[in-house]
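Peer 1: My structure is stored as final_16.txt, with compact mmCIF, C-alpha atoms.
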```txt
# COMPACT_ATOMS: atom_id res chain seq x y z
CA MET A 1 19.66 5.03 -27.14
CA ASP A 2 20.15 8.78 -27.21
CA LEU A 3 21.23 10.41 -23.96
CA LEU A 4 19.66 13.86 -24.08
CA TYR A 5 20.05 16.97 -21.99
CA LYS A 6 16.57 18.50 -21.55
CA THR A 7 15.66 21.99 -20.45
CA SER A 8 12.57 22.79 -18.38
CA THR A 9 10.80 23.66 -21.65
CA LYS A 10 11.70 20.15 -22.94
CA ASN A 11 14.15 21.41 -25.56
CA SER A 12 16.75 18.69 -26.14
CA LEU A 13 20.50 18.58 -26.69
CA LEU A 14 22.12 15.31 -27.75
CA VAL A 15 24.83 14.31 -25.27
CA LYS A 16 25.73 10.92 -26.75
CA SER A 17 24.20 8.01 -28.65
CA LEU A 18 24.66 4.71 -26.82
CA SER A 19 24.44 1.21 -28.29
CA LEU A 20 21.20 0.16 -26.60
CA GLU A 21 18.17 -0.72 -28.70
CA THR A 22 15.56 -1.45 -26.01
CA VAL A 23 15.24 2.23 -25.02
CA ASP A 24 14.94 5.18 -27.44
CA ASN A 25 16.23 7.90 -25.14
CA MET A 26 17.05 8.90 -21.58
CA SER A 27 17.06 12.40 -20.13
CA VAL A 28 19.64 14.30 -18.14
CA SER A 29 18.56 17.61 -16.67
CA LEU A 30 19.17 20.12 -13.89
CA SER A 31 15.46 19.79 -13.14
CA ASP A 32 14.67 16.93 -10.75
CA GLU A 33 11.30 16.57 -12.46
CA ILE A 34 12.89 15.92 -15.85
CA ASP A 35 16.19 14.15 -15.11
CA GLU A 36 16.08 10.35 -15.42
CA SER A 37 19.73 9.46 -14.90
CA LEU A 38 20.69 10.34 -11.34
CA GLU A 39 18.01 8.29 -9.58
CA PHE A 40 18.92 5.33 -11.78
CA PHE A 41 22.52 5.60 -10.56
CA LYS A 42 21.30 5.91 -6.98
CA ILE A 43 19.17 2.75 -7.20
CA LEU A 44 22.17 0.88 -8.60
CA SER A 45 24.33 2.27 -5.75
CA GLU A 46 26.50 4.15 -8.21
CA ARG A 47 27.32 6.92 -5.73
CA GLY A 48 28.80 10.35 -6.24
CA HIS A 49 27.15 11.25 -9.54
CA PHE A 50 25.93 14.78 -10.01
CA LEU A 51 25.38 17.12 -12.92
CA VAL A 52 26.59 20.28 -11.19
CA HIS A 53 28.58 20.85 -8.02
CA GLU A 54 26.78 22.07 -4.91
CA ARG A 55 28.58 25.41 -5.11
CA TYR A 56 26.69 26.14 -8.33
CA ARG A 57 23.43 25.08 -6.73
CA GLY A 58 24.26 27.50 -3.91
CA MET A 59 24.82 30.26 -6.44
CA GLN A 60 21.50 29.38 -8.08
CA LYS A 61 19.70 29.72 -4.75
CA VAL A 62 21.35 33.03 -3.85
CA LEU A 63 20.66 34.58 -7.26
CA ASN A 64 17.20 32.96 -7.52
CA LEU A 65 18.01 31.45 -10.91
CA SER A 66 15.82 28.98 -12.77
CA ASP A 67 17.39 25.67 -13.79
CA ASP A 68 17.60 26.89 -17.39
CA ALA A 69 19.22 30.17 -16.33
CA LEU A 70 21.77 28.25 -14.25
CA PHE A 71 22.56 25.97 -17.20
CA LYS A 72 23.21 28.99 -19.46
CA SER A 73 25.43 30.67 -16.85
CA LEU A 74 27.75 27.68 -16.32
CA PRO A 75 31.13 27.54 -18.10
CA ARG A 76 30.71 25.64 -21.37
CA LYS A 77 33.71 23.39 -20.73
CA TYR A 78 32.38 22.48 -17.27
CA VAL A 79 28.97 21.57 -18.69
CA LYS A 80 30.53 19.49 -21.47
CA ASP A 81 32.80 17.64 -19.02
CA ARG A 82 29.95 16.89 -16.60
CA LEU A 83 27.65 15.62 -19.35
CA ASN A 84 30.42 13.43 -20.78
CA CYS A 85 31.09 12.07 -17.29
CA ILE A 86 27.41 11.09 -16.91
CA ALA A 87 27.46 9.46 -20.37
CA GLU A 88 30.63 7.49 -19.64
CA GLN A 89 29.30 6.25 -16.31
CA LEU A 90 26.02 5.23 -17.92
CA GLU A 91 27.91 3.24 -20.56
CA LEU A 92 29.90 1.45 -17.85
CA THR A 93 26.76 0.73 -15.83
CA LEU A 94 24.94 -0.66 -18.86
CA GLU A 95 27.74 -3.10 -19.65
CA ASP A 96 25.94 -5.32 -17.13
CA ILE A 97 23.09 -6.99 -19.06
CA GLU A 98 20.89 -7.08 -15.94
CA ASN A 99 21.30 -3.32 -15.53
CA ARG A 100 20.33 -2.86 -19.18
CA GLU A 101 17.20 -4.93 -18.64
CA TYR A 102 16.32 -3.06 -15.45
CA LEU A 103 16.68 0.29 -17.23
CA VAL A 104 13.58 -0.56 -19.29
CA THR A 105 11.57 -1.22 -16.12
CA TYR A 106 12.98 1.83 -14.36
CA LEU A 107 12.02 4.20 -17.19
CA CYS A 108 8.56 2.63 -17.51
CA ILE A 109 7.90 3.28 -13.81
CA LYS A 110 9.56 6.70 -13.72
CA ARG A 111 7.62 7.99 -16.72
CA PHE A 112 4.29 6.55 -15.59
CA LEU A 113 4.62 8.23 -12.19
CA ARG A 114 5.50 11.56 -13.81
CA GLU A 115 2.56 11.36 -16.19
CA LEU A 116 -0.01 10.86 -13.42
CA SER A 117 -2.71 13.52 -13.32
CA VAL A 118 -4.19 15.31 -10.33
CA PRO A 119 -7.79 14.69 -9.23
CA ILE A 120 -10.68 17.10 -9.52
CA VAL A 121 -11.57 17.91 -5.92
CA ASP A 122 -14.96 18.87 -4.53
CA THR A 123 -13.83 21.58 -2.11
CA PHE A 124 -17.11 21.55 -0.17
CA VAL A 125 -16.79 17.81 0.50
CA LEU A 126 -13.09 18.13 1.37
CA GLU A 127 -13.74 20.93 3.88
CA LYS A 128 -16.60 18.94 5.43
CA ILE A 129 -14.41 15.85 5.83
CA ALA A 130 -11.53 17.86 7.32
CA LYS A 131 -13.83 19.63 9.80
CA SER A 132 -15.22 16.30 11.01
CA THR A 133 -11.72 14.96 11.68
CA LYS A 134 -10.76 14.88 15.37
CA HIS A 135 -7.04 15.54 15.05
CA GLN A 136 -5.88 18.81 13.52
CA ALA A 137 -2.70 17.29 12.10
CA THR A 138 -4.80 14.74 10.19
CA ALA A 139 -7.14 17.46 8.93
CA ASP A 140 -4.17 19.58 7.80
CA LYS A 141 -2.86 16.63 5.78
CA MET A 142 -6.24 16.31 4.07
CA LEU A 143 -6.39 20.02 3.27
CA LYS A 144 -3.16 19.70 1.27
CA PHE A 145 -5.46 18.35 -1.45
CA MET A 146 -7.29 21.69 -1.61
CA PRO A 147 -6.96 23.20 -5.11
CA ASN A 148 -5.01 26.44 -5.54
CA SER A 149 -6.48 29.69 -6.87
CA GLY A 150 -6.24 28.25 -10.38
CA GLY A 151 -8.34 25.23 -9.39
CA LYS A 152 -5.48 22.72 -9.50
CA VAL A 153 -4.34 20.33 -6.78
CA GLN A 154 -0.57 20.34 -6.24
CA LYS A 155 1.04 17.55 -8.24
CA ILE A 156 2.78 14.79 -6.33
CA SER A 157 6.42 13.95 -6.92
CA TYR A 158 7.34 10.36 -6.02
CA SER A 159 10.79 9.01 -5.16
CA MET A 160 11.76 5.55 -6.39
CA SER A 161 14.99 5.54 -4.38
CA GLY A 162 13.83 6.80 -0.99
CA SER A 163 13.48 3.29 0.46
CA SER A 164 15.80 0.30 0.21
CA THR A 165 13.06 -1.92 -1.26
CA GLY A 166 11.72 0.51 -3.84
CA ARG A 167 8.41 1.22 -2.13
CA LEU A 168 7.42 4.70 -3.16
CA ILE A 169 7.87 7.79 -1.02
CA VAL A 170 6.23 11.15 -1.71
CA LYS A 171 8.97 13.79 -2.07
CA SER A 172 6.63 16.73 -2.50
CA GLY A 173 2.94 17.39 -2.77
CA PRO A 174 -0.02 15.95 -0.84
CA GLN A 175 0.92 12.85 1.17
CA ILE A 176 -1.45 10.40 -0.53
CA LEU A 177 0.40 7.38 0.90
CA THR A 178 -0.25 8.35 4.52
CA THR A 179 -3.34 10.58 4.44
CA LYS A 180 -6.59 9.03 5.74
CA THR A 181 -8.55 7.36 2.97
CA ASP A 182 -11.58 9.59 3.73
CA VAL A 183 -9.93 12.34 1.66
CA ARG A 184 -10.56 10.31 -1.48
CA LYS A 185 -14.31 10.83 -1.05
CA SER A 186 -13.75 14.42 -2.20
CA PHE A 187 -12.38 13.34 -5.59
CA LYS A 188 -14.78 13.66 -8.49
CA SER A 189 -14.61 12.69 -12.13
CA ARG A 190 -13.64 14.99 -15.00
CA PHE A 191 -15.78 12.84 -17.31
CA LEU A 192 -19.53 13.28 -17.76
CA ARG A 193 -21.07 10.74 -15.34
CA GLY A 194 -17.62 9.21 -14.91
CA LYS A 195 -16.30 7.83 -11.62
CA VAL A 196 -13.13 7.73 -9.55
CA LEU A 197 -12.20 4.10 -8.84
CA GLN A 198 -9.50 2.21 -7.00
CA ILE A 199 -7.79 -0.86 -8.42
CA ASP A 200 -6.11 -3.09 -5.82
CA ILE A 201 -3.86 -5.97 -6.80
CA SER A 202 -4.91 -8.92 -4.66
CA ALA A 203 -2.24 -10.87 -2.76
CA ALA A 204 0.57 -9.47 -4.88
CA GLU A 205 3.43 -10.73 -2.72
CA PRO A 206 2.22 -14.35 -2.30
CA ASN A 207 1.57 -14.59 -6.05
CA ILE A 208 5.04 -13.24 -6.79
CA ALA A 209 6.48 -15.91 -4.47
CA LEU A 210 4.72 -18.55 -6.56
CA ASN A 211 5.70 -17.03 -9.90
CA ALA A 212 9.35 -16.66 -8.87
CA LEU A 213 9.61 -20.47 -8.85
CA GLY A 214 7.42 -21.01 -11.90
CA ARG A 215 4.39 -22.07 -9.87
CA GLU A 216 0.82 -20.98 -10.50
CA CYS A 217 -2.43 -20.60 -8.61
CA ALA A 218 -5.65 -19.94 -10.49
CA GLY A 219 -7.99 -17.59 -8.65
CA ASP A 220 -7.62 -16.26 -5.13
CA VAL A 221 -4.47 -17.67 -3.50
CA TYR A 222 -5.83 -17.41 0.05
CA ASP A 223 -9.04 -19.22 -0.92
CA HIS A 224 -6.94 -21.91 -2.58
CA ILE A 225 -4.80 -22.37 0.52
CA ALA A 226 -7.82 -22.47 2.84
CA LYS A 227 -9.82 -24.94 0.76
CA ASN A 228 -7.22 -27.09 -1.00
CA ILE A 229 -3.95 -26.93 0.92
CA LEU A 230 -5.45 -26.85 4.42
CA GLY A 231 -8.55 -28.91 3.65
CA GLY A 232 -11.17 -26.34 4.54
CA GLN A 233 -10.12 -26.24 8.20
CA VAL A 234 -9.58 -22.48 8.17
CA THR A 235 -11.22 -19.39 6.71
CA ARG A 236 -9.74 -17.24 3.96
CA GLY A 237 -8.75 -14.64 6.55
CA GLU A 238 -6.99 -17.25 8.65
CA ALA A 239 -5.24 -18.59 5.55
CA LYS A 240 -3.93 -15.08 4.92
CA LEU A 241 -2.44 -14.94 8.44
CA ILE A 242 -0.89 -18.40 7.97
CA THR A 243 0.63 -17.27 4.65
CA LEU A 244 2.26 -14.27 6.32
CA CYS A 245 3.86 -16.59 8.86
CA ALA A 246 4.90 -19.10 6.20
CA LEU A 247 6.59 -16.53 3.97
CA TYR A 248 7.94 -14.02 6.47
CA GLY A 249 8.84 -16.26 9.40
CA GLN A 250 6.45 -14.78 11.93
CA SER A 251 5.99 -16.64 15.21
CA PRO A 252 3.68 -19.70 15.30
CA LYS A 253 3.04 -18.80 18.95
CA ASN A 254 1.44 -15.50 17.98
CA LEU A 255 -0.51 -17.20 15.19
CA LYS A 256 -1.98 -19.83 17.53
CA ALA A 257 -4.07 -17.23 19.36
CA GLN A 258 -5.76 -16.27 16.08
CA LEU A 259 -6.64 -19.81 14.93
CA PRO A 260 -9.27 -22.33 16.10
CA ASP A 261 -8.09 -24.50 19.02
CA SER A 262 -8.13 -27.58 16.78
CA ILE A 263 -5.49 -26.14 14.41
CA ASN A 264 -1.79 -26.75 15.05
CA PRO A 265 -0.03 -23.61 13.76
CA ASN A 266 3.24 -25.43 13.05
CA ILE A 267 1.51 -27.97 10.81
CA VAL A 268 -0.47 -25.44 8.75
CA ILE A 269 2.58 -23.20 8.37
CA GLU A 270 4.66 -26.13 7.10
CA LYS A 271 1.96 -27.18 4.61
CA THR A 272 1.71 -23.62 3.34
CA ARG A 273 5.50 -23.32 3.04
CA LYS A 274 5.55 -26.48 0.92
CA PHE A 275 2.83 -25.07 -1.33
CA PHE A 276 4.94 -21.95 -1.97
CA GLY A 277 8.24 -23.81 -2.16
CA ALA A 278 9.44 -21.34 0.46
CA SER A 279 12.61 -23.26 1.34
CA ASP A 280 13.68 -23.37 -2.33
CA LEU A 281 12.98 -19.66 -2.75
CA GLU A 282 14.93 -18.82 0.41
CA ARG A 283 17.93 -20.85 -0.82
CA MET A 284 17.82 -19.11 -4.20
CA LEU A 285 17.69 -15.65 -2.58
CA THR A 286 20.47 -16.51 -0.12
CA LEU A 287 22.72 -17.60 -3.00
CA LYS A 288 21.99 -14.41 -4.93
CA GLN A 289 22.74 -12.31 -1.88
CA ARG A 290 26.07 -14.07 -1.29
CA GLU A 291 26.94 -13.41 -4.93
CA LYS A 292 26.09 -9.71 -4.37
CA ASN A 293 23.47 -9.93 -7.11
CA LEU A 294 20.16 -10.00 -5.28
CA ARG A 295 17.45 -8.41 -7.44
CA ASN A 296 13.68 -8.27 -7.39
CA VAL A 297 11.63 -9.91 -10.15
CA MET A 298 11.83 -6.70 -12.21
CA GLY A 299 15.63 -6.56 -12.01
CA ARG A 300 16.09 -3.86 -9.37
CA PRO A 301 19.11 -4.53 -7.11
CA ILE A 302 18.32 -5.11 -3.43
CA ARG A 303 21.02 -4.11 -0.95
CA LEU A 304 20.72 -6.10 2.27
CA PRO A 305 23.46 -6.39 4.92
CA ASP A 306 24.50 -9.94 5.87
CA GLN A 307 23.20 -9.46 9.41
CA ASP A 308 19.70 -8.85 8.01
CA ARG A 309 19.59 -12.05 5.97
CA ARG A 310 16.45 -13.14 7.83
CA LEU A 311 14.67 -10.32 5.96
CA LEU A 312 15.60 -11.65 2.51
CA MET A 313 12.14 -12.96 1.67
CA SER A 314 10.43 -9.84 2.98
CA TYR A 315 12.68 -7.46 1.03
CA PHE A 316 12.48 -9.52 -2.15
CA LEU A 317 8.68 -9.79 -2.17
CA GLN A 318 8.04 -6.22 -1.04
CA SER A 319 10.46 -4.81 -3.60
CA SER A 320 9.07 -7.00 -6.38
CA ALA A 321 5.46 -6.08 -5.60
CA ALA A 322 6.25 -2.36 -5.42
CA GLU A 323 7.68 -2.23 -8.94
CA LEU A 324 5.69 -4.95 -10.66
CA SER A 325 2.42 -3.29 -9.58
CA ILE A 326 3.34 -0.02 -11.29
CA VAL A 327 4.40 -1.76 -14.51
CA LEU A 328 1.08 -3.66 -14.52
CA PHE A 329 -0.84 -0.42 -13.98
CA SER A 330 1.11 1.31 -16.73
CA GLU A 331 0.43 -1.44 -19.28
CA TRP A 332 -3.27 -1.53 -18.37
CA CYS A 333 -3.68 2.24 -18.70
CA LYS A 334 -1.83 2.27 -22.04
CA ALA A 335 -4.52 0.00 -23.48
CA LEU A 336 -7.28 2.47 -22.50
CA PRO A 337 -5.86 5.92 -23.34
CA ASP A 338 -9.21 7.60 -24.00
CA SER A 339 -11.13 6.07 -21.10
CA VAL A 340 -8.89 6.31 -18.05
CA VAL A 341 -6.82 9.00 -16.33
CA PRO A 342 -4.47 7.54 -13.68
CA LEU A 343 -4.23 9.73 -10.58
CA TYR A 344 -2.23 8.19 -7.75
CA VAL A 345 -0.22 5.04 -7.09
CA ILE A 346 -0.72 3.87 -3.50
CA HIS A 347 1.71 0.95 -3.19
CA ASP A 348 -0.11 -1.94 -4.93
CA ALA A 349 -3.23 0.12 -5.65
CA LEU A 350 -4.05 2.70 -8.33
CA LEU A 351 -6.61 5.51 -8.19
CA ILE A 352 -8.12 6.26 -11.59
CA ASP A 353 -10.65 8.66 -13.08
CA CYS A 354 -12.58 6.95 -15.85
CA THR A 355 -15.48 7.35 -18.24
CA GLU A 356 -19.02 6.26 -17.47
CA GLU A 357 -18.73 3.32 -19.87
CA LEU A 358 -15.47 2.01 -18.40
CA SER A 359 -16.50 2.56 -14.78
CA SER A 360 -19.77 0.68 -15.33
CA ASP A 361 -17.90 -2.20 -16.91
CA LEU A 362 -15.26 -2.38 -14.16
CA LEU A 363 -17.75 -2.10 -11.30
CA SER A 364 -19.95 -4.80 -12.80
CA LYS A 365 -16.97 -7.15 -12.99
CA LYS A 366 -15.53 -6.14 -9.58
CA ILE A 367 -12.43 -8.18 -10.44
CA ILE A 368 -10.08 -7.76 -13.41
CA ASN A 369 -6.87 -9.43 -14.55
CA LEU A 370 -3.66 -7.43 -15.01
CA ASN A 371 -1.16 -9.16 -17.27
CA LEU A 372 2.55 -8.90 -17.95
CA GLY A 373 3.93 -11.55 -20.26
CA ASP A 374 2.94 -14.94 -18.87
CA TRP A 375 2.11 -13.52 -15.45
CA SER A 376 -1.46 -12.66 -14.51
CA PHE A 377 -2.59 -10.95 -11.33
CA VAL A 378 -6.10 -10.50 -9.98
CA ALA A 379 -7.13 -6.95 -9.05
CA LYS A 380 -10.24 -5.80 -7.20
CA VAL A 381 -12.16 -2.71 -8.32
CA SER A 382 -14.01 -0.41 -5.92
CA GLN A 383 -15.61 3.01 -6.13
CA VAL A 384 -13.78 5.77 -4.27
CA SER A 385 -16.43 8.49 -4.18
CA GLN A 386 -20.09 8.93 -5.04
```
The structure in this file should be written as structure tokens.

Peer 2:
Amino acid sequence: MDLLYKTSTKNSLLVKSLSLETVDNMSVSLSDEIDESLEFFKILSERGHFLVHERYRGMQKVLNLSDDALFKSLPRKYVKDRLNCIAEQLELTLEDIENREYLVTYLCIKRFLRELSVPIVDTFVLEKIAKSTKHQATADKMLKFMPNSGGKVQKISYSMSGSSTGRLIVKSGPQILTTKTDVRKSFKSRFLRGKVLQIDISAAEPNIALNALGRECAGDVYDHIAKNILGGQVTRGEAKLITLCALYGQSPKNLKAQLPDSINPNIVIEKTRKFFGASDLERMLTLKQREKNLRNVMGRPIRLPDQDRRLLMSYFLQSSAAELSIVLFSEWCKALPDSVVPLYVIHDALLIDCTEELSSDLLSKKIINLNLGDWSFVAKVSQVSQ
């Protein structure tokens, strides 16, 4: 693997070649939108790594220098020492085989998020939606999707390290994760008669719980639980509530009020826990946490204080779903390079702009399978805007 310093114009300077064959290259840069190393260190809790000292960043701000201009103005020896320091720390970090394996996932996610496109926005529809919104703060959030004078919506920058589980946070740009879904009605396709669609992975966390122990469930997991594990005594929606209690330890007392009077919440929770092998999974996670090597299914480390051990299952499943979803989306989009333009990741959902042919096919199916190795996840397809 070549560790490269990249300028904002994507010119490259070889820093060091590392003995890692699973990745071709990794970028170091003064630009946050190009650098790939520092967030990797942050996720792995390798603290204190920086390319340039804050005093130089202060100078850059005062003199209004671009990242490239700052790079050229720094003392050559300082730059060489800092780049060597990053390379040495990366080599040490990658001595751990699990860190090496996670690097592949990390770069897949990082690069997919950076390659996302912006939607084409119907400004008339967006203004109409914003005007009909009761709260001004909500309307202002929506109007962040208004194109600039050049007709472009501001590009979103996601953070992979802003939460302890790996759930994405928007660092800059329109707040797609928290803006009312009505705003999506203003998105229109760049393809002739194309459509903007949403792909939602169904029951990602329960399916990950099953897969983590080598178990499988064909079809909808909540339907399976309702019909086969609980003998048809509850609806799919009620099975979903029972699953949340079974996996995350929520109170049977609160569940009782949402179930038919004939259903004993303790019994259905216990049956559902047995189906998932929840006790075995909890023991496995507890052992990993005690060994200080708790990771999600994609290899990302999970840092959880001992006093929060009751949240082990929640952190593990949430973290796993957050990263696995993006890898699944990335692999699916790679297979359809001429037919789909990915726009936004919204946790375990993906907004896409696609051709007429692909949109017709997806909407007719309504459900598709997203695959990664031996794992297969069901995803639902819906139309975002007319």

Peer 1: Using only C-alpha atoms, which protein or nucleic acid residues come within 7 Å of range 90-104 of chain A? Drop anything in the same chain fewer than 4 positions from it, and give the result as an MDAnalysis selection string.

Peer 2: chainID A and resid 23 86 108 298:300

Peer 1: Could you state the separation of CA of Ser189 in chain A and CA of Ile120 in chain A in Å, given to one decimal place?

Peer 2: 6.5 Å

Peer 1: Interatomic distance between CA of Leu30 in chain A and CA of Gly162 in chain A?

Peer 2: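 Pair CA of Leu30 in chain A / CA of Gly162 in chain A returns 19.3 Å.
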
Peer 1: For CA of Glu270 in chain A and CA of Leu287 in chain A, determine how far apart the two atoms are, in Å to one decimal place.

Peer 2: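 These atoms are spaced 22.4 Å apart.
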
Peer 1: From the set A:Lys16, A:Lys366, A:Lys180, A:Arg215, which residue has the shortest atom-to-atom contact distance to Met1 in chain A, counting only C-alpha atoms?

Peer 2: A:Lys16

Peer 1: Which of these residues is nearest to Leu14 in chain A, using only C-alpha atoms: A:Gln175, A:Lys80, A:Ser364, A:Val345?

Peer 2: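 For Leu14 in chain A, the nearest of the candidates is A:Lys80.
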
Peer 1: Ranking A:Ala349, A:Leu244, A:Leu343, A:Leu230 by minimum distance to Leu328 in chain A and counting only C-alpha atoms, which one comes first?

Peer 2: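 Residue with the minimum atom-to-atom distance to Leu328 in chain A: A:Ala349.
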
Peer 1: Using all atoms listed in the file for the distances, tell me which of A:Phe191, A:Trp375, A:Tyr248, A:Phe40 is nearest to Leu107 in chain A.

Peer 2: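 Checking each of A:Phe191, A:Trp375, A:Tyr248, A:Phe40 against Leu107 in chain A, counting all atoms listed in the file, the winner is A:Phe40.
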
Peer 1: Taking the point (9.4, -8.2, 7.4) as given in the file, collect each protein or nucleic acid residue that comes within 10 Å of it, counting all atoms listed in the file, and present the set as number ranges by chain.

Peer 2: A: 244, 247-250, 310-315, 317-318

Peer 1: Using all atoms listed in the file, find the one residue out of A:Leu51, A:Ala246, A:Ala278, A:Leu116 that sits nearest to Tyr344 in chain A.

Peer 2: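 Of the candidates, the smallest distance to Tyr344 in chain A is held by A:Leu116.
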
Peer 1: Using all atoms listed in the file and a cutoff of 8 Å, can you tell me which residues are near (-8.3, -12.5, -8.7) in the file's coordinates, and write them out as a list of chain:residue names?

Peer 2: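 Residues lying no farther than 8 Å from the given point: A:Ser202, A:Gly219, A:Asp220, A:Ile367, A:Ile368, A:Asn369, A:Phe377, A:Val378, A:Ala379, A:Lys380.
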
Peer 1: Quick one: everything within 10 Å of Tyr5 in chain A, counting all atoms listed in the file, minus sequence neighbours fewer than 5 positions away in the same chain. Send it as a PyMOL selection string.

Peer 2: chain A and resi 10-16+26-30+34-35+83

Peer 1: Excluding same-chain residues fewer than 5 positions from Gln198 in chain A, what lies within 6 Å of it counting all atoms listed in the file, as a PyMOL selection string?

Peer 2: chain A and resi 350-351+381-382
